[in-house]
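Visitor: Just query24.cif, nothing more (mmCIF, C-alpha atoms):
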```
data_coords
loop_
_atom_site.label_atom_id
_atom_site.label_comp_id
_atom_site.auth_asym_id
_atom_site.auth_seq_id
_atom_site.Cartn_x
_atom_site.Cartn_y
_atom_site.Cartn_z
CA MET A 1 106.34 116.47 94.20
CA PRO A 2 104.46 119.83 94.01
CA ALA A 3 106.61 121.23 96.84
CA ALA A 4 109.77 120.32 94.90
CA LEU A 5 108.31 121.96 91.81
CA LEU A 6 107.51 125.17 93.65
CA ALA A 7 111.02 125.16 95.09
CA LEU A 8 112.47 124.71 91.59
CA LEU A 9 110.35 127.55 90.23
CA GLY A 10 111.33 129.78 93.12
CA LEU A 11 114.98 128.99 92.52
CA ALA A 12 114.63 129.95 88.86
CA VAL A 13 113.18 133.33 89.82
CA ILE A 14 115.90 133.90 92.45
CA VAL A 15 118.63 133.06 89.93
CA GLY A 16 117.04 135.46 87.46
CA ALA A 17 116.84 138.25 90.03
CA ALA A 18 120.45 137.68 91.11
CA THR A 19 121.55 137.76 87.48
CA MET A 20 119.75 141.06 86.96
CA ARG A 21 121.37 142.51 90.08
CA ARG A 22 124.87 141.55 88.96
CA ALA A 23 124.28 142.85 85.43
CA GLY A 24 122.99 146.16 86.79
CA ASP A 25 126.14 146.58 88.89
CA ARG A 26 128.40 146.01 85.85
CA SER A 27 126.48 148.17 83.41
CA PRO A 28 128.31 151.22 82.01
CA VAL A 29 125.73 153.55 83.55
CA ALA A 30 126.14 151.99 87.01
CA ARG A 31 129.96 152.01 86.79
CA ASN A 32 130.22 155.61 85.59
CA ALA A 33 127.54 157.12 87.81
CA PRO A 34 128.75 159.48 90.51
CA ARG A 35 128.71 157.87 93.94
CA SER A 36 126.22 160.45 95.17
CA ALA A 37 123.77 159.67 92.36
CA PRO A 38 120.92 157.32 93.20
CA SER A 39 121.35 153.81 91.90
CA VAL A 40 119.28 153.23 88.78
CA PRO A 41 118.59 149.59 88.00
CA ILE A 42 119.77 148.80 84.50
CA VAL A 43 118.84 145.74 82.51
CA THR A 44 120.82 145.12 79.36
CA GLY A 45 119.48 143.28 76.34
CA ARG A 46 121.75 140.36 77.14
CA THR A 47 120.46 140.18 80.70
CA ALA A 48 116.86 140.35 79.52
CA GLY A 49 117.56 137.51 77.10
CA LEU A 50 119.16 135.46 79.86
CA LEU A 51 116.16 136.02 82.11
CA ALA A 52 113.79 135.00 79.34
CA LEU A 53 115.88 131.87 78.82
CA VAL A 54 115.76 131.04 82.55
CA GLU A 55 111.99 131.46 82.52
CA VAL A 56 111.53 129.28 79.43
CA ILE A 57 113.82 126.58 80.83
CA GLY A 58 111.95 126.71 84.14
CA ILE A 59 108.65 126.25 82.33
CA LEU A 60 109.99 123.40 80.16
CA VAL A 61 111.47 121.56 83.15
CA THR A 62 108.22 121.99 85.05
CA VAL A 63 106.14 120.66 82.16
CA LEU A 64 108.46 117.68 81.65
CA LEU A 65 108.55 116.80 85.36
CA LEU A 66 104.78 117.03 85.69
CA ALA A 67 104.15 115.06 82.51
CA ARG A 68 106.54 112.28 83.54
CA SER A 69 104.97 112.16 86.98
CA GLY A 70 101.49 111.74 85.54
CA LEU A 71 100.40 115.12 86.89
CA GLY A 72 99.60 116.83 83.60
CA GLU A 73 96.62 118.61 85.13
CA LEU A 74 99.05 120.70 87.19
CA VAL A 75 100.92 122.10 84.17
CA MET A 76 98.76 125.17 83.63
CA PRO A 77 98.82 126.44 87.23
CA ALA A 78 102.56 125.68 87.52
CA VAL A 79 103.29 127.72 84.38
CA ALA A 80 101.03 130.48 85.75
CA VAL A 81 103.18 130.61 88.90
CA VAL A 82 106.32 131.14 86.78
CA VAL A 83 104.66 133.82 84.68
CA ALA A 84 103.36 135.63 87.76
CA ALA A 85 106.72 135.41 89.51
CA HIS A 86 108.48 137.13 86.62
CA PHE A 87 106.50 140.32 87.30
CA ALA A 88 108.68 140.73 90.40
CA LEU A 89 111.74 140.94 88.15
CA PHE A 90 110.30 144.11 86.62
CA LEU A 91 111.10 145.77 89.94
CA ARG A 92 114.74 145.87 88.81
CA VAL A 93 113.72 148.10 85.92
CA GLN A 94 111.07 150.21 87.62
CA ARG A 95 110.45 150.41 91.34
CA SER A 96 106.67 150.41 91.22
CA TRP A 97 104.10 148.95 93.57
CA LEU A 98 102.34 147.64 90.46
CA HIS A 99 104.95 144.95 89.75
CA LEU A 100 105.01 143.81 93.35
CA VAL A 101 101.21 143.63 93.63
CA THR A 102 100.79 141.76 90.35
CA SER A 103 103.53 139.31 91.24
CA VAL A 104 102.11 138.58 94.68
CA LEU A 105 98.54 138.38 93.36
CA GLY A 106 99.49 136.01 90.56
CA VAL A 107 101.79 133.78 92.61
CA LEU A 108 99.31 133.49 95.47
CA GLY A 109 96.38 132.76 93.17
CA ALA A 110 98.12 130.33 90.83
CA GLY A 111 100.19 128.83 93.66
CA SER A 112 97.09 128.22 95.75
CA ALA A 113 95.40 126.55 92.81
CA LEU A 114 98.48 124.40 92.23
CA VAL A 115 98.72 123.28 95.85
CA LEU A 116 94.98 122.67 96.24
CA MET A 117 94.91 120.65 93.03
CA ALA A 118 97.97 118.65 94.10
CA VAL A 119 96.37 117.62 97.40
CA GLY A 120 93.05 116.83 95.72
CA ALA A 121 91.08 119.62 97.41
CA LEU A 122 90.29 121.37 94.12
CA ASP A 123 88.98 119.93 90.87
CA PRO A 124 91.50 120.34 87.99
CA SER A 125 89.05 122.43 85.96
CA ALA A 126 88.41 124.75 88.88
CA GLY A 127 92.13 124.94 89.61
CA ARG A 128 92.92 125.97 86.06
CA ALA A 129 90.15 128.58 86.29
CA VAL A 130 91.57 129.99 89.54
CA ALA A 131 95.10 130.14 88.09
CA GLY A 132 93.84 131.73 84.87
CA LEU A 133 91.72 134.27 86.72
CA SER A 134 94.72 135.19 88.87
CA LEU A 135 96.74 136.07 85.78
CA ALA A 136 93.71 137.79 84.24
CA ALA A 137 93.52 139.97 87.35
CA CYS A 138 97.22 140.83 86.91
CA THR A 139 96.67 141.73 83.27
CA ALA A 140 93.60 143.81 84.13
CA LEU A 141 95.52 145.68 86.83
CA TYR A 142 98.37 146.47 84.43
CA GLY A 143 95.83 147.61 81.83
CA ILE A 144 93.96 149.86 84.25
CA VAL A 145 97.16 151.49 85.50
CA PHE A 146 98.61 151.92 82.01
CA CYS A 147 95.37 153.46 80.73
CA ALA A 148 95.39 155.86 83.66
CA LEU A 149 99.00 156.85 82.93
CA VAL A 150 98.83 157.19 79.13
CA PRO A 151 97.27 160.50 78.04
CA ALA A 152 93.95 160.26 76.17
CA PRO A 153 95.28 161.69 72.83
CA VAL A 154 97.94 158.96 72.70
CA ARG A 155 95.33 156.27 73.38
CA SER A 156 93.07 157.59 70.62
CA VAL A 157 95.94 157.63 68.08
CA ALA A 158 96.90 154.09 69.08
CA ALA A 159 93.28 152.93 68.74
CA ARG A 160 93.03 154.29 65.18
CA SER A 161 96.16 152.49 63.97
#
```
Can the structure in the file be given as structure tokens, please?

Guide:
Amino acid sequence: MPAALLALLGLAVIVGAATMRRAGDRSPVARNAPRSAPSVPIVTGRTAGLLALVEVIGILVTVLLLARSGLGELVMPAVAVVVAAHFALFLRVQRSWLHLVTSVLGVLGAGSALVLMAVGALDPSAGRAVAGLSLAACTALYGIVFCALVPAPVRSVAARS
């Protein structure tokens, strides 16, 4: 059952990435760009909404399948896998190592917790902690990089508001 779930989650991410690719090819900027210009990934509001919908449906299906299978303790790490996988979709908007690293870190951490919990090698509480810490590491990495990129005066204005 967990293998089927991971396959379903992977399929949802692949469908989302393929949708983004097709939308980027049809965008006005992509169509009107000179052939010599580098390809700039474009994500329209409609595409972003579709991707959010795919992610939400993937999470809902996962929760329902796990709940009906009596595997409710696997819900949190399974949702964490979906959330971590969506960081890879940000690569369509900005080609940055940050999105790749956070996606891999989160999927490996939460996915490992999910698999280890499913085979009984990890206590559910510990598995949820591992999955949560994986996403916390992703969030911390984004925060560190963003703080390094945003100039200090902007950060101080934002902190006062």

Visitor: With only C-alpha atoms as the counted atoms, please give the residues lying no more than 9 Å from stretch 101-116 of chain A, apart from itself and same-chain residues fewer than 2 positions off, as a PyMOL selection string.

Guide: chain A and resi 2-3+6+74-89+97-99+118-124+126-139+141-142

Visitor: Pick out the closest residue to A:Phe90 from this set: A:Ala140, A:Ala48, A:Ile57, A:Val145. Count only C-alpha atoms.

Guide: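 Using only C-alpha atoms, the shortest distance to A:Phe90 belongs to A:Ala48.
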
Visitor: Could you work out how far atom CA of A:Thr47 lies from atom CA of A:Gln94, giving the answer in Å with one decimal?

Guide: 15.4 Å

Visitor: Hey, can you check how far atom CA of A:Pro151 sits from atom CA of A:Gly45?

Guide: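 Those two atoms sit 28.2 Å apart.
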
Visitor: Could you jot down the atom CA of A:Ala67 to atom CA of A:Ser125 separation for me, Å, one decimal place?

Guide: 17.2 Å

Visitor: Around stretch 135-140 of chain A, with edges along x, y and z and 3 Å added on all six sides, what centre and edge lengths do you get, in Å to one decimal, as AutoDock Vina command-line options?

Guide:
```
--center_x 95.4 --center_y 139.9 --center_z 85.3 --size_x 9.7 --size_y 13.7 --size_z 10.1
```
